[in-house]
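Raw protein.cif, mmCIF, N, CA and C atoms and all ligand atoms:
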```
data_upload
loop_
_atom_site.label_atom_id
_atom_site.label_comp_id
_atom_site.auth_asym_id
_atom_site.auth_seq_id
_atom_site.Cartn_x
_atom_site.Cartn_y
_atom_site.Cartn_z
N MET F 26 -23.12 14.26 11.04
CA MET F 26 -22.61 13.77 9.76
C MET F 26 -23.61 14.05 8.65
N ASN F 27 -23.18 14.72 7.64
CA ASN F 27 -24.09 14.95 6.52
C ASN F 27 -23.43 14.55 5.21
N THR F 28 -22.65 13.47 5.29
CA THR F 28 -21.99 12.98 4.07
C THR F 28 -23.01 12.26 3.20
N PRO F 29 -23.21 12.72 1.99
CA PRO F 29 -24.18 12.03 1.13
C PRO F 29 -23.64 10.68 0.65
N ASP F 30 -24.43 9.66 0.78
CA ASP F 30 -24.01 8.32 0.36
C ASP F 30 -24.68 7.94 -0.96
N ASN F 31 -23.87 7.66 -1.95
CA ASN F 31 -24.37 7.20 -3.24
C ASN F 31 -25.40 8.13 -3.88
N THR F 32 -25.42 9.35 -3.44
CA THR F 32 -26.44 10.24 -4.00
C THR F 32 -25.90 11.06 -5.15
N SER F 33 -24.63 11.36 -5.11
CA SER F 33 -24.08 12.15 -6.21
C SER F 33 -22.85 11.47 -6.79
N LYS F 34 -22.66 11.64 -8.05
CA LYS F 34 -21.47 11.09 -8.68
C LYS F 34 -20.28 11.98 -8.34
N THR F 35 -19.21 11.36 -7.93
CA THR F 35 -18.02 12.17 -7.70
C THR F 35 -17.39 12.50 -9.05
N THR F 36 -16.80 13.65 -9.11
CA THR F 36 -16.19 14.05 -10.38
C THR F 36 -14.69 13.76 -10.39
N SER F 37 -14.13 13.52 -9.23
CA SER F 37 -12.68 13.34 -9.19
C SER F 37 -12.26 11.94 -9.66
N VAL F 38 -13.14 10.98 -9.51
CA VAL F 38 -12.81 9.62 -9.93
C VAL F 38 -13.57 9.27 -11.20
N PRO F 39 -12.86 9.13 -12.31
CA PRO F 39 -13.55 8.81 -13.57
C PRO F 39 -14.24 7.46 -13.49
N GLU F 40 -15.26 7.31 -14.29
CA GLU F 40 -15.97 6.04 -14.31
C GLU F 40 -15.04 4.90 -14.74
N GLY F 41 -15.26 3.73 -14.18
CA GLY F 41 -14.49 2.58 -14.60
C GLY F 41 -13.18 2.41 -13.87
N THR F 42 -12.89 3.29 -12.92
CA THR F 42 -11.62 3.15 -12.21
C THR F 42 -11.80 2.49 -10.84
N ALA F 43 -13.02 2.15 -10.49
CA ALA F 43 -13.22 1.48 -9.21
C ALA F 43 -12.48 0.15 -9.21
N VAL F 44 -11.92 -0.20 -8.10
CA VAL F 44 -11.20 -1.46 -8.01
C VAL F 44 -11.95 -2.41 -7.08
N PRO F 45 -11.86 -3.71 -7.35
CA PRO F 45 -12.62 -4.69 -6.56
C PRO F 45 -12.25 -4.68 -5.07
N VAL F 46 -10.96 -4.57 -4.78
CA VAL F 46 -10.54 -4.62 -3.38
C VAL F 46 -10.29 -3.21 -2.88
N GLU F 47 -11.10 -2.77 -1.95
CA GLU F 47 -10.87 -1.46 -1.37
C GLU F 47 -10.79 -1.59 0.14
N LYS F 48 -9.68 -1.13 0.70
CA LYS F 48 -9.51 -1.18 2.14
C LYS F 48 -9.11 0.19 2.64
N SER F 49 -9.36 0.43 3.88
CA SER F 49 -8.98 1.71 4.45
C SER F 49 -7.47 1.73 4.68
N ASP F 50 -6.96 2.93 4.80
CA ASP F 50 -5.54 3.09 5.02
C ASP F 50 -5.08 2.34 6.28
N SER F 51 -5.88 2.38 7.33
CA SER F 51 -5.46 1.70 8.57
C SER F 51 -5.48 0.19 8.41
N GLN F 52 -6.40 -0.32 7.58
CA GLN F 52 -6.41 -1.76 7.29
C GLN F 52 -5.12 -2.18 6.59
N TRP F 53 -4.74 -1.39 5.58
CA TRP F 53 -3.50 -1.71 4.86
C TRP F 53 -2.31 -1.66 5.81
N ARG F 54 -2.27 -0.66 6.66
CA ARG F 54 -1.16 -0.53 7.61
C ARG F 54 -1.06 -1.76 8.50
N GLU F 55 -2.22 -2.28 8.87
CA GLU F 55 -2.25 -3.45 9.74
C GLU F 55 -1.76 -4.70 9.01
N GLU F 56 -2.17 -4.84 7.75
CA GLU F 56 -1.91 -6.08 7.03
C GLU F 56 -0.52 -6.16 6.42
N LEU F 57 0.06 -5.02 6.13
CA LEU F 57 1.35 -5.02 5.42
C LEU F 57 2.49 -4.68 6.38
N THR F 58 3.67 -5.13 6.03
CA THR F 58 4.85 -4.70 6.78
C THR F 58 5.11 -3.23 6.44
N PRO F 59 5.88 -2.52 7.27
CA PRO F 59 6.14 -1.10 6.98
C PRO F 59 6.73 -0.88 5.59
N GLU F 60 7.64 -1.77 5.14
CA GLU F 60 8.23 -1.61 3.82
C GLU F 60 7.20 -1.88 2.72
N GLU F 61 6.40 -2.93 2.89
CA GLU F 61 5.34 -3.21 1.92
C GLU F 61 4.38 -2.05 1.83
N TYR F 62 4.02 -1.51 2.98
CA TYR F 62 3.09 -0.38 3.01
C TYR F 62 3.68 0.83 2.29
N ARG F 63 4.93 1.09 2.54
CA ARG F 63 5.59 2.25 1.94
C ARG F 63 5.60 2.15 0.41
N VAL F 64 5.86 0.97 -0.11
CA VAL F 64 5.94 0.81 -1.56
C VAL F 64 4.54 0.66 -2.17
N LEU F 65 3.76 -0.27 -1.64
CA LEU F 65 2.46 -0.59 -2.24
C LEU F 65 1.45 0.55 -2.10
N ARG F 66 1.40 1.16 -0.94
CA ARG F 66 0.35 2.13 -0.68
C ARG F 66 0.83 3.57 -0.77
N GLN F 67 2.13 3.80 -0.73
CA GLN F 67 2.63 5.17 -0.82
C GLN F 67 3.53 5.36 -2.03
N ALA F 68 3.47 4.40 -2.95
CA ALA F 68 4.21 4.48 -4.21
C ALA F 68 5.70 4.68 -3.98
N GLY F 69 6.23 4.01 -2.98
CA GLY F 69 7.66 4.08 -2.74
C GLY F 69 8.42 3.17 -3.70
N THR F 70 9.72 3.22 -3.60
CA THR F 70 10.57 2.37 -4.44
C THR F 70 11.62 1.71 -3.57
N GLU F 71 11.74 0.40 -3.70
CA GLU F 71 12.80 -0.28 -2.94
C GLU F 71 14.14 0.03 -3.58
N ARG F 72 15.20 -0.06 -2.80
CA ARG F 72 16.52 0.22 -3.35
C ARG F 72 16.90 -0.87 -4.35
N PRO F 73 17.53 -0.49 -5.47
CA PRO F 73 17.89 -1.49 -6.49
C PRO F 73 18.82 -2.55 -5.92
N TYR F 74 18.73 -3.73 -6.47
CA TYR F 74 19.58 -4.88 -6.10
C TYR F 74 19.39 -5.32 -4.64
N THR F 75 18.34 -4.85 -4.00
CA THR F 75 18.10 -5.27 -2.62
C THR F 75 16.86 -6.16 -2.51
N GLY F 76 16.00 -6.13 -3.52
CA GLY F 76 14.74 -6.86 -3.43
C GLY F 76 14.94 -8.36 -3.57
N GLU F 77 13.88 -9.05 -3.24
CA GLU F 77 13.93 -10.51 -3.20
C GLU F 77 14.03 -11.12 -4.60
N TYR F 78 13.49 -10.47 -5.62
CA TYR F 78 13.29 -11.15 -6.91
C TYR F 78 14.05 -10.55 -8.08
N TRP F 79 14.88 -9.54 -7.88
CA TRP F 79 15.47 -8.87 -9.05
C TRP F 79 16.29 -9.85 -9.89
N ASP F 80 16.88 -10.87 -9.25
CA ASP F 80 17.74 -11.80 -9.97
C ASP F 80 17.17 -13.23 -9.94
N THR F 81 15.88 -13.35 -9.76
CA THR F 81 15.25 -14.66 -9.61
C THR F 81 14.88 -15.24 -10.96
N HIS F 82 15.20 -16.54 -11.15
CA HIS F 82 14.80 -17.21 -12.39
C HIS F 82 13.85 -18.37 -12.12
N THR F 83 13.38 -18.47 -10.90
CA THR F 83 12.47 -19.54 -10.52
C THR F 83 11.17 -19.43 -11.32
N GLU F 84 10.68 -20.59 -11.77
CA GLU F 84 9.41 -20.59 -12.50
C GLU F 84 8.25 -20.36 -11.55
N GLY F 85 7.29 -19.64 -12.03
CA GLY F 85 6.12 -19.45 -11.18
C GLY F 85 5.33 -18.22 -11.58
N VAL F 86 4.35 -17.92 -10.75
CA VAL F 86 3.48 -16.78 -10.98
C VAL F 86 3.74 -15.74 -9.89
N TYR F 87 3.87 -14.50 -10.32
CA TYR F 87 4.06 -13.42 -9.38
C TYR F 87 2.72 -12.80 -9.04
N GLN F 88 2.37 -12.89 -7.76
CA GLN F 88 1.10 -12.33 -7.30
C GLN F 88 1.32 -10.98 -6.65
N CYS F 89 0.26 -10.21 -6.58
CA CYS F 89 0.28 -8.95 -5.84
C CYS F 89 0.47 -9.26 -4.36
N ARG F 90 1.44 -8.61 -3.74
CA ARG F 90 1.72 -8.87 -2.32
C ARG F 90 0.55 -8.40 -1.44
N ALA F 91 -0.19 -7.44 -1.95
CA ALA F 91 -1.27 -6.87 -1.13
C ALA F 91 -2.56 -7.68 -1.21
N CYS F 92 -2.89 -8.20 -2.39
CA CYS F 92 -4.21 -8.83 -2.54
C CYS F 92 -4.16 -10.23 -3.13
N GLY F 93 -3.01 -10.68 -3.62
CA GLY F 93 -2.90 -12.03 -4.15
C GLY F 93 -3.30 -12.19 -5.60
N SER F 94 -3.68 -11.12 -6.25
CA SER F 94 -4.04 -11.17 -7.66
C SER F 94 -2.83 -11.57 -8.50
N GLN F 95 -3.03 -12.43 -9.50
CA GLN F 95 -1.91 -12.87 -10.34
C GLN F 95 -1.56 -11.80 -11.36
N LEU F 96 -0.31 -11.36 -11.34
CA LEU F 96 0.06 -10.19 -12.14
C LEU F 96 1.06 -10.48 -13.25
N PHE F 97 2.09 -11.25 -12.93
CA PHE F 97 3.16 -11.53 -13.90
C PHE F 97 3.55 -13.00 -13.78
N THR F 98 4.24 -13.52 -14.81
CA THR F 98 4.78 -14.88 -14.69
C THR F 98 6.26 -14.85 -15.01
N SER F 99 6.93 -15.93 -14.63
CA SER F 99 8.36 -16.04 -14.88
C SER F 99 8.66 -16.09 -16.37
N GLN F 100 7.66 -16.44 -17.19
CA GLN F 100 7.88 -16.52 -18.64
C GLN F 100 8.15 -15.16 -19.27
N GLU F 101 7.59 -14.13 -18.68
CA GLU F 101 7.80 -12.78 -19.23
C GLU F 101 8.88 -12.01 -18.48
N LYS F 102 9.50 -12.67 -17.53
CA LYS F 102 10.56 -12.00 -16.76
C LYS F 102 11.85 -12.05 -17.56
N PHE F 103 12.61 -10.99 -17.54
CA PHE F 103 13.88 -11.01 -18.26
C PHE F 103 14.95 -10.26 -17.46
N ASP F 104 16.20 -10.50 -17.82
CA ASP F 104 17.31 -9.88 -17.11
C ASP F 104 17.58 -8.50 -17.68
N SER F 105 17.10 -7.49 -16.98
CA SER F 105 17.31 -6.13 -17.45
C SER F 105 18.54 -5.51 -16.78
N HIS F 106 19.04 -6.15 -15.72
CA HIS F 106 20.19 -5.66 -14.96
C HIS F 106 19.95 -4.26 -14.41
N CYS F 107 18.69 -3.96 -14.10
CA CYS F 107 18.40 -2.63 -13.54
C CYS F 107 18.25 -2.68 -12.03
N GLY F 108 18.25 -3.90 -11.46
CA GLY F 108 18.18 -4.00 -10.01
C GLY F 108 16.79 -4.26 -9.46
N TRP F 109 15.81 -4.30 -10.37
CA TRP F 109 14.45 -4.65 -9.98
C TRP F 109 13.94 -5.76 -10.90
N PRO F 110 13.00 -6.56 -10.42
CA PRO F 110 12.39 -7.55 -11.32
C PRO F 110 11.78 -6.85 -12.53
N SER F 111 12.07 -7.38 -13.72
CA SER F 111 11.58 -6.75 -14.94
C SER F 111 10.82 -7.75 -15.80
N PHE F 112 9.72 -7.31 -16.33
CA PHE F 112 8.87 -8.15 -17.16
C PHE F 112 8.58 -7.39 -18.45
N TRP F 113 8.42 -8.15 -19.55
CA TRP F 113 8.10 -7.44 -20.79
C TRP F 113 6.59 -7.39 -21.06
N ALA F 114 5.82 -8.02 -20.20
CA ALA F 114 4.35 -7.94 -20.32
C ALA F 114 3.74 -8.44 -19.02
N PRO F 115 2.53 -7.97 -18.72
CA PRO F 115 1.82 -8.56 -17.58
C PRO F 115 1.25 -9.92 -17.94
N LEU F 116 0.80 -10.66 -16.95
CA LEU F 116 0.26 -11.99 -17.16
C LEU F 116 -0.89 -11.96 -18.17
N ALA F 117 -1.73 -10.97 -18.09
CA ALA F 117 -2.85 -10.84 -19.01
C ALA F 117 -3.27 -9.38 -19.09
N GLU F 118 -3.98 -9.08 -20.15
CA GLU F 118 -4.53 -7.75 -20.32
C GLU F 118 -5.49 -7.47 -19.15
N GLY F 119 -5.33 -6.34 -18.51
CA GLY F 119 -6.28 -5.98 -17.47
C GLY F 119 -5.88 -6.38 -16.06
N THR F 120 -4.74 -7.06 -15.90
CA THR F 120 -4.31 -7.39 -14.54
C THR F 120 -3.65 -6.20 -13.86
N VAL F 121 -3.14 -5.27 -14.66
CA VAL F 121 -2.56 -4.07 -14.11
C VAL F 121 -3.21 -2.85 -14.74
N ARG F 122 -3.12 -1.72 -14.07
CA ARG F 122 -3.61 -0.47 -14.64
C ARG F 122 -2.48 0.55 -14.66
N TYR F 123 -2.65 1.55 -15.52
CA TYR F 123 -1.57 2.50 -15.77
C TYR F 123 -1.98 3.91 -15.39
N LEU F 124 -1.07 4.62 -14.78
CA LEU F 124 -1.33 6.02 -14.43
C LEU F 124 -0.13 6.87 -14.81
N HIS F 125 -0.43 8.06 -15.31
CA HIS F 125 0.67 8.97 -15.60
C HIS F 125 1.26 9.49 -14.31
N ASP F 126 2.57 9.42 -14.20
CA ASP F 126 3.26 9.84 -12.98
C ASP F 126 4.26 10.92 -13.36
N ARG F 127 3.98 12.14 -12.92
CA ARG F 127 4.90 13.23 -13.25
C ARG F 127 5.65 13.72 -12.02
N THR F 128 5.76 12.85 -11.01
CA THR F 128 6.53 13.24 -9.83
C THR F 128 8.02 13.09 -10.11
N MET F 129 8.83 13.62 -9.24
CA MET F 129 10.28 13.52 -9.32
C MET F 129 10.84 14.08 -10.63
N GLY F 130 10.09 15.01 -11.25
CA GLY F 130 10.57 15.67 -12.45
C GLY F 130 10.67 14.78 -13.66
N MET F 131 10.00 13.62 -13.60
CA MET F 131 10.05 12.71 -14.74
C MET F 131 8.63 12.44 -15.23
N ASP F 132 8.52 12.08 -16.49
CA ASP F 132 7.23 11.69 -17.04
C ASP F 132 7.24 10.18 -17.19
N ARG F 133 6.63 9.53 -16.23
CA ARG F 133 6.67 8.07 -16.24
C ARG F 133 5.26 7.50 -16.19
N VAL F 134 5.15 6.23 -16.50
CA VAL F 134 3.87 5.55 -16.40
C VAL F 134 3.93 4.59 -15.21
N GLU F 135 3.10 4.89 -14.24
CA GLU F 135 3.04 4.06 -13.04
C GLU F 135 2.21 2.82 -13.32
N VAL F 136 2.61 1.68 -12.75
CA VAL F 136 1.86 0.44 -12.89
C VAL F 136 1.27 0.08 -11.53
N ARG F 137 -0.03 -0.13 -11.53
CA ARG F 137 -0.71 -0.52 -10.29
C ARG F 137 -1.48 -1.81 -10.49
N CYS F 138 -1.71 -2.52 -9.42
CA CYS F 138 -2.55 -3.71 -9.44
C CYS F 138 -3.98 -3.27 -9.77
N ALA F 139 -4.58 -3.94 -10.76
CA ALA F 139 -5.94 -3.58 -11.16
C ALA F 139 -6.96 -4.03 -10.13
N ASN F 140 -6.56 -4.93 -9.28
CA ASN F 140 -7.50 -5.49 -8.31
C ASN F 140 -7.59 -4.67 -7.02
N CYS F 141 -6.47 -4.15 -6.55
CA CYS F 141 -6.49 -3.43 -5.27
C CYS F 141 -5.86 -2.05 -5.35
N ASP F 142 -5.41 -1.66 -6.55
CA ASP F 142 -4.87 -0.32 -6.78
C ASP F 142 -3.56 -0.06 -6.04
N SER F 143 -2.85 -1.11 -5.68
CA SER F 143 -1.56 -0.91 -5.02
C SER F 143 -0.47 -0.61 -6.06
N HIS F 144 0.48 0.18 -5.63
CA HIS F 144 1.60 0.55 -6.51
C HIS F 144 2.53 -0.65 -6.71
N LEU F 145 2.89 -0.89 -7.98
CA LEU F 145 3.80 -2.00 -8.29
C LEU F 145 5.15 -1.50 -8.77
N GLY F 146 5.12 -0.52 -9.65
CA GLY F 146 6.36 0.00 -10.21
C GLY F 146 6.04 0.90 -11.39
N HIS F 147 6.91 0.90 -12.40
CA HIS F 147 6.70 1.73 -13.58
C HIS F 147 6.94 0.89 -14.83
N VAL F 148 6.41 1.34 -15.96
CA VAL F 148 6.69 0.67 -17.22
C VAL F 148 7.39 1.64 -18.16
N PHE F 149 8.45 1.16 -18.79
CA PHE F 149 9.23 1.96 -19.73
C PHE F 149 9.21 1.29 -21.10
N GLU F 150 9.35 2.08 -22.12
CA GLU F 150 9.19 1.57 -23.48
C GLU F 150 10.33 2.02 -24.37
N GLY F 151 10.65 1.20 -25.35
CA GLY F 151 11.61 1.62 -26.36
C GLY F 151 13.03 1.77 -25.86
N GLU F 152 13.43 0.94 -24.93
CA GLU F 152 14.79 1.04 -24.39
C GLU F 152 15.78 0.17 -25.14
N GLY F 153 15.25 -0.66 -26.05
CA GLY F 153 16.14 -1.48 -26.86
C GLY F 153 16.41 -2.87 -26.31
N TYR F 154 15.68 -3.25 -25.29
CA TYR F 154 15.82 -4.64 -24.83
C TYR F 154 15.28 -5.58 -25.90
N GLU F 155 15.93 -6.72 -26.03
CA GLU F 155 15.48 -7.65 -27.07
C GLU F 155 14.39 -8.57 -26.53
N THR F 156 13.26 -7.96 -26.29
CA THR F 156 12.09 -8.69 -25.81
C THR F 156 10.97 -8.49 -26.82
N PRO F 157 9.94 -9.31 -26.78
CA PRO F 157 8.87 -9.20 -27.78
C PRO F 157 8.16 -7.84 -27.80
N THR F 158 8.14 -7.15 -26.69
CA THR F 158 7.39 -5.89 -26.65
C THR F 158 8.25 -4.65 -26.57
N ASP F 159 9.54 -4.81 -26.25
CA ASP F 159 10.40 -3.67 -25.97
C ASP F 159 9.84 -2.79 -24.85
N GLN F 160 9.10 -3.43 -23.95
CA GLN F 160 8.65 -2.74 -22.76
C GLN F 160 9.35 -3.34 -21.55
N ARG F 161 9.55 -2.53 -20.54
CA ARG F 161 10.13 -3.03 -19.30
C ARG F 161 9.24 -2.63 -18.13
N PHE F 162 8.52 -3.61 -17.61
CA PHE F 162 7.76 -3.40 -16.39
C PHE F 162 8.74 -3.55 -15.24
N CYS F 163 9.11 -2.43 -14.66
CA CYS F 163 10.11 -2.38 -13.61
C CYS F 163 9.35 -2.38 -12.28
N ILE F 164 9.36 -3.53 -11.63
CA ILE F 164 8.44 -3.76 -10.52
C ILE F 164 9.21 -4.00 -9.23
N ASN F 165 8.74 -3.46 -8.15
CA ASN F 165 9.37 -3.69 -6.85
C ASN F 165 9.14 -5.13 -6.38
N SER F 166 10.21 -5.77 -5.92
CA SER F 166 10.07 -7.13 -5.37
C SER F 166 9.06 -7.16 -4.24
N VAL F 167 9.08 -6.12 -3.45
CA VAL F 167 8.25 -6.11 -2.25
C VAL F 167 6.75 -5.98 -2.60
N SER F 168 6.47 -5.62 -3.84
CA SER F 168 5.07 -5.57 -4.29
C SER F 168 4.58 -6.94 -4.77
N LEU F 169 5.51 -7.88 -4.89
CA LEU F 169 5.18 -9.17 -5.49
C LEU F 169 5.38 -10.32 -4.51
N ARG F 170 4.72 -11.42 -4.80
CA ARG F 170 5.02 -12.67 -4.11
C ARG F 170 5.06 -13.78 -5.16
N LEU F 171 6.21 -14.44 -5.27
CA LEU F 171 6.37 -15.49 -6.26
C LEU F 171 5.79 -16.79 -5.73
N VAL F 172 4.89 -17.36 -6.49
CA VAL F 172 4.31 -18.65 -6.13
C VAL F 172 4.80 -19.67 -7.14
N SER F 173 5.66 -20.56 -6.69
CA SER F 173 6.24 -21.55 -7.56
C SER F 173 5.33 -22.78 -7.61
N PRO F 174 5.22 -23.42 -8.80
CA PRO F 174 4.34 -24.58 -8.90
C PRO F 174 4.80 -25.75 -8.03
N LYS F 175 6.05 -25.76 -7.64
CA LYS F 175 6.56 -26.86 -6.82
C LYS F 175 6.13 -26.74 -5.36
N ASN F 176 5.68 -25.56 -4.97
CA ASN F 176 5.25 -25.40 -3.57
C ASN F 176 3.85 -25.94 -3.34
ZN ZN D 1 -3.34 -6.17 -5.63
#
```

Whole structure given in structure tokens:
Amino acid sequence: MNTPDNTSKTTSVPEGTAVPVEKSDSQWREELTPEEYRVLRQAGTERPYTGEYWDTHTEGVYQCRACGSQLFTSQEKFDSHCGWPSFWAPLAEGTVRYLHDRTMGMDRVEVRCANCDSHLGHVFEGEGYETPTDQRFCINSVSLRLVSPKN
């Protein structure tokens, strides 16, 4: 083994993109269900209208299914009728990170958990929803876990 450790700066990962929670692929496979793994770690998409939360109005905080980081709240959730849970803003600045996604012939902005870099969904803008931001964070239910204050 002649892998240099901490001796050279990698050029592929820009500074400031390190995430607090880093696990190996096999660790994620062990901890997540196959569907969670497919969406969170392989940027998959659950089928619309099939997820647990697309039509949920329960009050609470939506955590990252992979690491438990608090990402969204029911206060910013709105009915977009797109088949996935939709939010007009994250819980706070910096809870999610954004990546340009040009796969599938579309130019989209991918939303990932800032804490563990797991895939959450995409964010769309200027669609005309009557929300304070006119943004739609279109998030997979399987990427989230709703924690209700009553529990
Ligand atoms: Zn996370």

As a PyMOL selection string, which residues of stretch 26-168 of chain F does DSSP assign to helix (DSSP H, G or I)?
-> chain F and resi 50-56+59-65+99-101+128-130+166-168

Write as a PyMOL selection string the residues around ligand ZN 1 (chain D), taking 7 Å as the cut-off and counting only N, CA and C atoms and all ligand atoms.
-> chain F and resi 88-94+137-143

Between F:Ala114, F:Leu169, F:Ile164, F:Leu96, which is the closest to F:Glu135 once you count only C-alpha atoms?
-> F:Ile164

Near F:Asp126, within 12 Å and counting only C-alpha atoms, which residues show up once chain neighbours fewer than 6 positions away are dropped, as a PDB file with N, CA and C atoms, in the coordinates of the input?
```pdb
ATOM      1  N   ALA F  68       3.470   4.400  -2.950  1.00  0.00           N
ATOM      2  CA  ALA F  68       4.210   4.480  -4.210  1.00  0.00           C
ATOM      3  C   ALA F  68       5.700   4.680  -3.980  1.00  0.00           C
ATOM      4  N   ASP F 132       8.520  12.080 -16.490  1.00  0.00           N
ATOM      5  CA  ASP F 132       7.230  11.690 -17.040  1.00  0.00           C
ATOM      6  C   ASP F 132       7.240  10.180 -17.190  1.00  0.00           C
ATOM      7  N   ARG F 133       6.630   9.530 -16.230  1.00  0.00           N
ATOM      8  CA  ARG F 133       6.670   8.070 -16.240  1.00  0.00           C
ATOM      9  C   ARG F 133       5.260   7.500 -16.190  1.00  0.00           C
ATOM     10  N   VAL F 134       5.150   6.230 -16.500  1.00  0.00           N
ATOM     11  CA  VAL F 134       3.870   5.550 -16.400  1.00  0.00           C
ATOM     12  C   VAL F 134       3.930   4.590 -15.210  1.00  0.00           C
ATOM     13  N   GLU F 135       3.100   4.890 -14.240  1.00  0.00           N
ATOM     14  CA  GLU F 135       3.040   4.060 -13.040  1.00  0.00           C
ATOM     15  C   GLU F 135       2.210   2.820 -13.320  1.00  0.00           C
ATOM     16  N   VAL F 136       2.610   1.680 -12.750  1.00  0.00           N
ATOM     17  CA  VAL F 136       1.860   0.440 -12.890  1.00  0.00           C
ATOM     18  C   VAL F 136       1.270   0.080 -11.530  1.00  0.00           C
ATOM     19  N   ARG F 137      -0.030  -0.130 -11.530  1.00  0.00           N
ATOM     20  CA  ARG F 137      -0.710  -0.520 -10.290  1.00  0.00           C
ATOM     21  C   ARG F 137      -1.480  -1.810 -10.490  1.00  0.00           C
ATOM     22  N   HIS F 144       0.480   0.180  -5.630  1.00  0.00           N
ATOM     23  CA  HIS F 144       1.600   0.550  -6.510  1.00  0.00           C
ATOM     24  C   HIS F 144       2.530  -0.650  -6.710  1.00  0.00           C
ATOM     25  N   GLY F 146       5.120  -0.520  -9.650  1.00  0.00           N
ATOM     26  CA  GLY F 146       6.360   0.000 -10.210  1.00  0.00           C
ATOM     27  C   GLY F 146       6.040   0.900 -11.390  1.00  0.00           C
ATOM     28  N   HIS F 147       6.910   0.900 -12.400  1.00  0.00           N
ATOM     29  CA  HIS F 147       6.700   1.730 -13.580  1.00  0.00           C
ATOM     30  C   HIS F 147       6.940   0.890 -14.830  1.00  0.00           C
ATOM     31  N   VAL F 148       6.410   1.340 -15.960  1.00  0.00           N
ATOM     32  CA  VAL F 148       6.690   0.670 -17.220  1.00  0.00           C
ATOM     33  C   VAL F 148       7.390   1.640 -18.160  1.00  0.00           C
ATOM     34  N   PHE F 149       8.450   1.160 -18.790  1.00  0.00           N
ATOM     35  CA  PHE F 149       9.230   1.960 -19.730  1.00  0.00           C
ATOM     36  C   PHE F 149       9.210   1.290 -21.100  1.00  0.00           C
TER      37      PHE F 149
END
```

Quick one: axis-aligned box around all listed atoms of stretch 128-144 of chain F, 8 Å on every side, centre and edge lengths in Å to one decimal, written as JSON.
```
{"center_x": 1.6, "center_y": 5.1, "center_z": -11.1, "size_x": 34.4, "size_y": 37.2, "size_z": 28.2}
```

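Distances from F:Ser99, F:Cys107, F:Asp50, F:Glu56 to F:Tyr74 were compared using only N, CA and C atoms, and the smallest one belongs to F:Cys107.
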
Would you please extract all strand (DSSP E or B) residues from chain F, as assigned by DSSP on the backbone, and give them as a ChimeraX atom specification?
-> /F:86-89,95-98,102-103,111-112,121-126,133-138,144-150,160-164,169-172

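Atom C of F:Glu77 is positioned 13.0 Å from atom CA of F:Asp104.
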
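Atom CA of F:Trp109 to atom CA of F:Met131 spans 18.5 Å [interatomic distance, one decimal].
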